[in-house]
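Here is the file run-v5.pdb (PDB, C-alpha atoms and all ligand atoms).
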```pdb
ATOM      1  CA  MET A  25      16.300   1.286  -7.135
ATOM      2  CA  TYR A  26      12.832   0.886  -8.526
ATOM      3  CA  LEU A  27       9.371   2.389  -8.409
ATOM      4  CA  VAL A  28       6.763   1.319  -5.886
ATOM      5  CA  ALA A  29       3.238   2.529  -5.197
ATOM      6  CA  ASP A  30       2.736   5.089  -2.445
ATOM      7  CA  ILE A  31      -0.721   5.990  -1.136
ATOM      8  CA  ASP A  32      -1.500   9.483   0.138
ATOM      9  CA  VAL A  33      -3.298   8.775   3.409
ATOM     10  CA  SER A  34      -4.815  12.255   3.529
ATOM     11  CA  ILE A  35      -6.665  11.568   0.260
ATOM     12  CA  CYS A  36      -7.419   7.893   0.752
ATOM     13  CA  ALA A  37      -8.780   8.269   4.279
ATOM     14  CA  GLU A  38     -11.357  10.767   3.009
ATOM     15  CA  LYS A  39     -12.647   8.257   0.443
ATOM     16  CA  SER A  40     -11.779   4.820   1.745
ATOM     17  CA  CYS A  41     -13.238   3.097  -1.327
ATOM     18  CA  LYS A  42     -10.865   0.097  -1.070
ATOM     19  CA  LEU A  43     -11.067  -0.361  -4.846
ATOM     20  CA  CYS A  44      -7.313  -0.697  -5.318
ATOM     21  CA  THR A  45      -7.172  -3.582  -2.858
ATOM     22  CA  GLN A  46      -9.299  -5.619  -5.247
ATOM     23  CA  TYR A  47      -7.113  -5.047  -8.313
ATOM     24  CA  CYS A  48      -3.519  -5.366  -7.154
ATOM     25  CA  PRO A  49      -2.227  -8.586  -8.773
ATOM     26  CA  GLU A  50       0.205  -9.242  -5.931
ATOM     27  CA  ALA A  51      -1.337 -10.954  -2.905
ATOM     28  CA  ASN A  52      -1.268  -9.074   0.402
ATOM     29  CA  THR A  53       0.441  -6.059  -1.116
ATOM     30  CA  ILE A  54      -2.191  -3.355  -0.769
ATOM     31  CA  GLN A  55      -3.411  -3.589   2.771
ATOM     32  CA  TYR A  56      -5.995  -1.610   4.671
ATOM     33  CA  SER A  57      -5.702  -0.118   8.136
ATOM     34  CA  GLU A  58      -8.436   1.582  10.125
ATOM     35  CA  GLU A  59      -5.826   3.054  12.469
ATOM     36  CA  LEU A  60      -3.769   4.611   9.718
ATOM     37  CA  GLY A  61      -6.489   7.102   8.844
ATOM     38  CA  LYS A  62      -8.014   7.571  12.265
ATOM     39  CA  SER A  63      -4.663   8.188  13.939
ATOM     40  CA  LYS A  64      -4.286  11.160  11.628
ATOM     41  CA  GLY A  65      -7.731  12.469  12.504
ATOM     42  CA  PHE A  66      -9.626  11.182   9.486
ATOM     43  CA  LYS A  67     -12.998   9.550   9.697
ATOM     44  CA  TYR A  68     -11.979   6.439   7.767
ATOM     45  CA  GLY A  69      -9.002   4.159   7.524
ATOM     46  CA  SER A  70      -6.583   4.110   4.615
ATOM     47  CA  ALA A  71      -5.090   1.665   2.179
ATOM     48  CA  TYR A  72      -1.298   1.327   2.242
ATOM     49  CA  VAL A  73       1.292  -0.628   0.313
ATOM     50  CA  ALA A  74       3.623  -3.277   1.676
ATOM     51  CA  VAL A  75       6.456  -2.061  -0.522
ATOM     52  CA  ASP A  76       8.581  -5.166  -0.238
ATOM     53  CA  ARG A  77       5.839  -7.030  -2.115
ATOM     54  CA  CYS A  78       5.030  -4.324  -4.669
ATOM     55  CA  LYS A  79       6.163  -5.186  -8.211
ATOM     56  CA  GLY A  80       5.743  -1.668  -9.552
ATOM     57  CA  CYS A  81       3.098  -2.493 -12.160
ATOM     58  CA  ALA A  82       1.130   0.714 -11.423
ATOM     59  CA  GLN A  83      -2.216  -1.019 -11.867
ATOM     60  CA  CYS A  84      -3.371   0.464  -8.560
ATOM     61  CA  VAL A  85      -2.554   3.965  -9.825
ATOM     62  CA  TRP A  86      -4.772   3.413 -12.852
ATOM     63  CA  VAL A  87      -7.596   2.074 -10.668
ATOM     64  CA  CYS A  88      -7.416   4.934  -8.165
ATOM     65  CA  ASP A  89      -7.129   7.608 -10.894
ATOM     66  CA  ASN A  90      -9.581   6.280 -13.462
ATOM     67  CA  MET A  91     -12.050   4.046 -11.656
ATOM     68  CA  ALA A  92     -12.180   5.568  -8.193
ATOM     69  CA  LYS A  93     -11.290   9.099  -9.458
ATOM     70  CA  ASN A  94      -9.407   9.762  -6.249
ATOM     71  CA  ASN A  95      -5.794  10.202  -7.461
ATOM     72  CA  ALA A  96      -4.373   9.012  -4.171
ATOM     73  CA  ILE A  97      -1.601   6.738  -5.459
ATOM     74  CA  LYS A  98       1.680   7.727  -7.049
ATOM     75  CA  MET A  99       4.657   5.669  -8.145
ATOM     76  CA  ILE A 100       7.770   6.737  -6.269
ATOM     77  CA  MET A 101      11.365   5.552  -6.135
ATOM     78  CA  ILE A 102      11.612   3.247  -3.147
ATOM     79  CA  ASP A 103      14.518   5.154  -1.647
ATOM     80  CA  GLN A 104      12.472   8.350  -1.729
ATOM     81  CA  LEU A 105       9.738   7.021   0.564
ATOM     82  CA  PRO A 106       9.805   8.858   3.893
ATOM     83  CA  LEU A 107       7.941   6.002   5.538
ATOM     84  CA  ALA A 108       7.094   2.619   4.171
ATOM     85  CA  ALA A 109       5.161  -0.383   5.328
ATOM     86  CA  VAL A 110       7.096  -3.599   5.083
ATOM     87  CA  THR A 111       5.895  -7.091   5.725
ATOM     88  CA  ASP A 112       7.345  -9.338   8.338
ATOM     89  CA  ASN A 113       7.683 -13.094   8.414
ATOM     90  CA  ILE A 114       7.955 -13.539   4.655
ATOM     91  CA  ARG A 115       9.920 -16.642   3.925
ATOM     92  CA  TYR A 116      10.697 -16.435   0.231
ATOM     93  CA  GLU A 117      12.773 -19.590   0.270
ATOM     94  CA  GLU A 118       9.746 -21.507   1.486
ATOM     95  CA  LYS A 119       7.387 -19.599  -0.823
ATOM     96  CA  SER A 120       5.219 -19.032   2.219
ATOM     97  CA  THR A 121       2.204 -16.793   1.824
ATOM     98  CA  ILE A 122       2.152 -15.982   5.519
ATOM     99  CA  VAL A 123       2.322 -12.255   5.982
ATOM    100  CA  THR A 124       2.340 -10.595   9.348
ATOM    101  CA  LEU A 125       2.403  -6.856   9.522
ATOM    102  CA  SER A 126       4.235  -6.301  12.733
ATOM    103  CA  ASN A 127       3.857  -2.566  12.522
ATOM    104  CA  PRO A 128       1.895  -0.774   9.786
ATOM    105  CA  MET A 129       4.505   1.947   9.377
ATOM    106  CA  VAL A 130       8.143   1.006   9.555
ATOM    107  CA  VAL A 131      10.986   3.243   8.456
ATOM    108  CA  ILE A 132      13.150   1.629   5.831
ATOM    109  CA  GLY A 133      16.198   2.782   3.993
ATOM    110  CA  ASN A 134      18.044   4.160   7.008
TER
HETATM  111  S1  LIG B   1      -8.464   3.279  -4.809
HETATM  112 FE1  LIG B   1      -7.426   5.124  -4.014
HETATM  113  S2  LIG B   1      -8.911   6.096  -2.605
HETATM  114 FE2  LIG B   1      -9.620   3.986  -2.995
HETATM  115  S3  LIG B   1      -8.730   2.790  -1.278
HETATM  116 FE3  LIG B   1      -7.259   2.686  -2.999
HETATM  117  S4  LIG B   1      -5.823   4.393  -2.623
HETATM  118 FE4  LIG B   1      -7.633   4.758  -1.370
HETATM  119  S1  LIG B   2       2.127  -1.102  -8.258
HETATM  120 FE1  LIG B   2       1.172  -3.081  -8.799
HETATM  121  S2  LIG B   2       2.041  -4.535  -7.327
HETATM  122 FE2  LIG B   2       2.426  -2.481  -6.513
HETATM  123  S3  LIG B   2       0.709  -2.077  -5.135
HETATM  124 FE3  LIG B   2       0.169  -1.213  -7.144
HETATM  125  S4  LIG B   2      -1.008  -2.834  -8.190
HETATM  126 FE4  LIG B   2       0.081  -3.773  -6.461
END
```

Could the structure of this file be written out as structure tokens, please?
Amino acid sequence: MYLVADIDVSICAEKSCKLCTQYCPEANTIQYSEELGKSKGFKYGSAYVAVDRCKGCAQCVWVCDNMAKNNAIKMIMIDQLPLAAVTDNIRYEEKSTIVTLSNPMVVIGN
């Protein structure tokens, strides 16, 4: 097991600064969804992490805490995530960069 970033939608969707999406060193890992926030009744969308791409560097935590001052991201053991976004159509053997999010929130670990 290892640590991955987890974004608190209830905090992020109030701010929606998108700063973390610019600093994650892994391509297509921090994504943004308008529906994710609005479906929970917030005005804005929210960032979320495709955990199967997250390398656990915690750079996004530093950005959200210290640059954005929003404290919306925590590192959490991947098996402790109640819900996690995972990417679809990743072909590691082909080193493809194609990423299709089939469903923003997919339960993993069960
Ligand atoms: S930096 Fe924090 S508040 Fe801003 S989009 Fe990322 S998670 Fe949301
Ligand atoms: S922990 Fe690192 S790799 Fe994972 S989402 Fe945050 S910045 Fe990206």

Could you please extract the residues within 6 Å of ligand LIG 2 (chain B), counting only C-alpha atoms and all ligand atoms, and hand them back as number ranges by chain? A: 28-29, 48-50, 53-54, 73, 78-84

Would you compute an axis-aligned box for range 46-65 of chain A, covering every atom listed for it in the file with 8 Å of margin on each side, and report centre and edge lengths in Å to one decimal as lines of an AutoDock Vina configuration file?
```
center_x = -4.4
center_y = 0.8
center_z = 2.6
size_x = 25.7
size_y = 39.4
size_z = 38.7
```

Have a look at CA of Ile102 in chain A and CA of Asp32 in chain A and let me know their distance in Å, one decimal.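 For CA of Ile102 in chain A relative to CA of Asp32 in chain A, the distance reads 14.9 Å.
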
Written as an MDAnalysis selection string, which residues does the PyMOL selection byres (((not hetatm)) within 8 of (chain B and resi 1)) give for the file shown? chainID A and resid 31:33 35:45 56 70:72 84:85 87:89 91:97

Of the residues A:Gln46, A:Met25, A:Lys64, A:Asp30, which is the one nearest to Leu107 in chain A, using all atoms listed in the file? A:Asp30

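Rounded to one decimal, CA of Trp86 in chain A and CA of Ser63 in chain A lie 27.2 Å from each other.
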
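Minimum atom-to-atom distances from A:Asn52, A:Asn90, A:Gly65, A:Leu60 to Val110 in chain A were compared using only C-alpha atoms, and the lowest value belongs to A:Asn52.
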
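Interatomic distance, CA of Gln104 in chain A to CA of Tyr26 in chain A: 10.1 Å.
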
Please rebuild range 36-49 of chain A with N, CA, C and O atoms and return the result as a PDB file, keeping the file's coordinate frame.
```pdb
ATOM      1  N   CYS A  36      -6.753   9.198   0.648  1.00  0.00           N
ATOM      2  CA  CYS A  36      -7.419   7.893   0.752  1.00  0.00           C
ATOM      3  C   CYS A  36      -8.371   7.827   1.940  1.00  0.00           C
ATOM      4  O   CYS A  36      -9.475   7.299   1.828  1.00  0.00           O
ATOM      5  N   ALA A  37      -7.958   8.362   3.071  1.00  0.00           N
ATOM      6  CA  ALA A  37      -8.780   8.269   4.279  1.00  0.00           C
ATOM      7  C   ALA A  37     -10.035   9.134   4.212  1.00  0.00           C
ATOM      8  O   ALA A  37     -10.925   9.005   5.051  1.00  0.00           O
ATOM      9  N   GLU A  38     -10.119  10.007   3.221  1.00  0.00           N
ATOM     10  CA  GLU A  38     -11.357  10.767   3.009  1.00  0.00           C
ATOM     11  C   GLU A  38     -12.338   9.962   2.165  1.00  0.00           C
ATOM     12  O   GLU A  38     -13.539  10.216   2.184  1.00  0.00           O
ATOM     13  N   LYS A  39     -11.820   9.012   1.393  1.00  0.00           N
ATOM     14  CA  LYS A  39     -12.647   8.257   0.443  1.00  0.00           C
ATOM     15  C   LYS A  39     -12.865   6.825   0.911  1.00  0.00           C
ATOM     16  O   LYS A  39     -13.979   6.324   0.932  1.00  0.00           O
ATOM     17  N   SER A  40     -11.731   6.176   1.200  1.00  0.00           N
ATOM     18  CA  SER A  40     -11.779   4.820   1.745  1.00  0.00           C
ATOM     19  C   SER A  40     -12.605   3.871   0.887  1.00  0.00           C
ATOM     20  O   SER A  40     -13.408   3.095   1.400  1.00  0.00           O
ATOM     21  N   CYS A  41     -12.421   3.930  -0.426  1.00  0.00           N
ATOM     22  CA  CYS A  41     -13.238   3.097  -1.327  1.00  0.00           C
ATOM     23  C   CYS A  41     -12.751   1.653  -1.401  1.00  0.00           C
ATOM     24  O   CYS A  41     -13.497   0.767  -1.796  1.00  0.00           O
ATOM     25  N   LYS A  42     -11.469   1.436  -1.080  1.00  0.00           N
ATOM     26  CA  LYS A  42     -10.865   0.097  -1.070  1.00  0.00           C
ATOM     27  C   LYS A  42     -10.796  -0.551  -2.451  1.00  0.00           C
ATOM     28  O   LYS A  42     -10.539  -1.756  -2.562  1.00  0.00           O
ATOM     29  N   LEU A  43     -11.041   0.223  -3.504  1.00  0.00           N
ATOM     30  CA  LEU A  43     -11.067  -0.361  -4.846  1.00  0.00           C
ATOM     31  C   LEU A  43      -9.708  -0.947  -5.236  1.00  0.00           C
ATOM     32  O   LEU A  43      -9.638  -2.034  -5.813  1.00  0.00           O
ATOM     33  N   CYS A  44      -8.652  -0.228  -4.919  1.00  0.00           N
ATOM     34  CA  CYS A  44      -7.313  -0.697  -5.318  1.00  0.00           C
ATOM     35  C   CYS A  44      -6.986  -2.055  -4.705  1.00  0.00           C
ATOM     36  O   CYS A  44      -6.257  -2.847  -5.306  1.00  0.00           O
ATOM     37  N   THR A  45      -7.504  -2.319  -3.523  1.00  0.00           N
ATOM     38  CA  THR A  45      -7.172  -3.582  -2.858  1.00  0.00           C
ATOM     39  C   THR A  45      -7.717  -4.781  -3.634  1.00  0.00           C
ATOM     40  O   THR A  45      -7.234  -5.884  -3.482  1.00  0.00           O
ATOM     41  N   GLN A  46      -8.703  -4.524  -4.470  1.00  0.00           N
ATOM     42  CA  GLN A  46      -9.299  -5.619  -5.247  1.00  0.00           C
ATOM     43  C   GLN A  46      -8.577  -5.863  -6.564  1.00  0.00           C
ATOM     44  O   GLN A  46      -8.804  -6.877  -7.217  1.00  0.00           O
ATOM     45  N   TYR A  47      -7.719  -4.937  -6.986  1.00  0.00           N
ATOM     46  CA  TYR A  47      -7.113  -5.047  -8.313  1.00  0.00           C
ATOM     47  C   TYR A  47      -5.619  -5.285  -8.298  1.00  0.00           C
ATOM     48  O   TYR A  47      -5.042  -5.609  -9.337  1.00  0.00           O
ATOM     49  N   CYS A  48      -4.959  -5.097  -7.190  1.00  0.00           N
ATOM     50  CA  CYS A  48      -3.519  -5.366  -7.154  1.00  0.00           C
ATOM     51  C   CYS A  48      -3.292  -6.854  -7.438  1.00  0.00           C
ATOM     52  O   CYS A  48      -3.868  -7.710  -6.779  1.00  0.00           O
ATOM     53  N   PRO A  49      -2.446  -7.176  -8.426  1.00  0.00           N
ATOM     54  CA  PRO A  49      -2.227  -8.586  -8.773  1.00  0.00           C
ATOM     55  C   PRO A  49      -1.332  -9.336  -7.793  1.00  0.00           C
ATOM     56  O   PRO A  49      -1.233 -10.563  -7.859  1.00  0.00           O
TER      57      PRO A  49
END
```
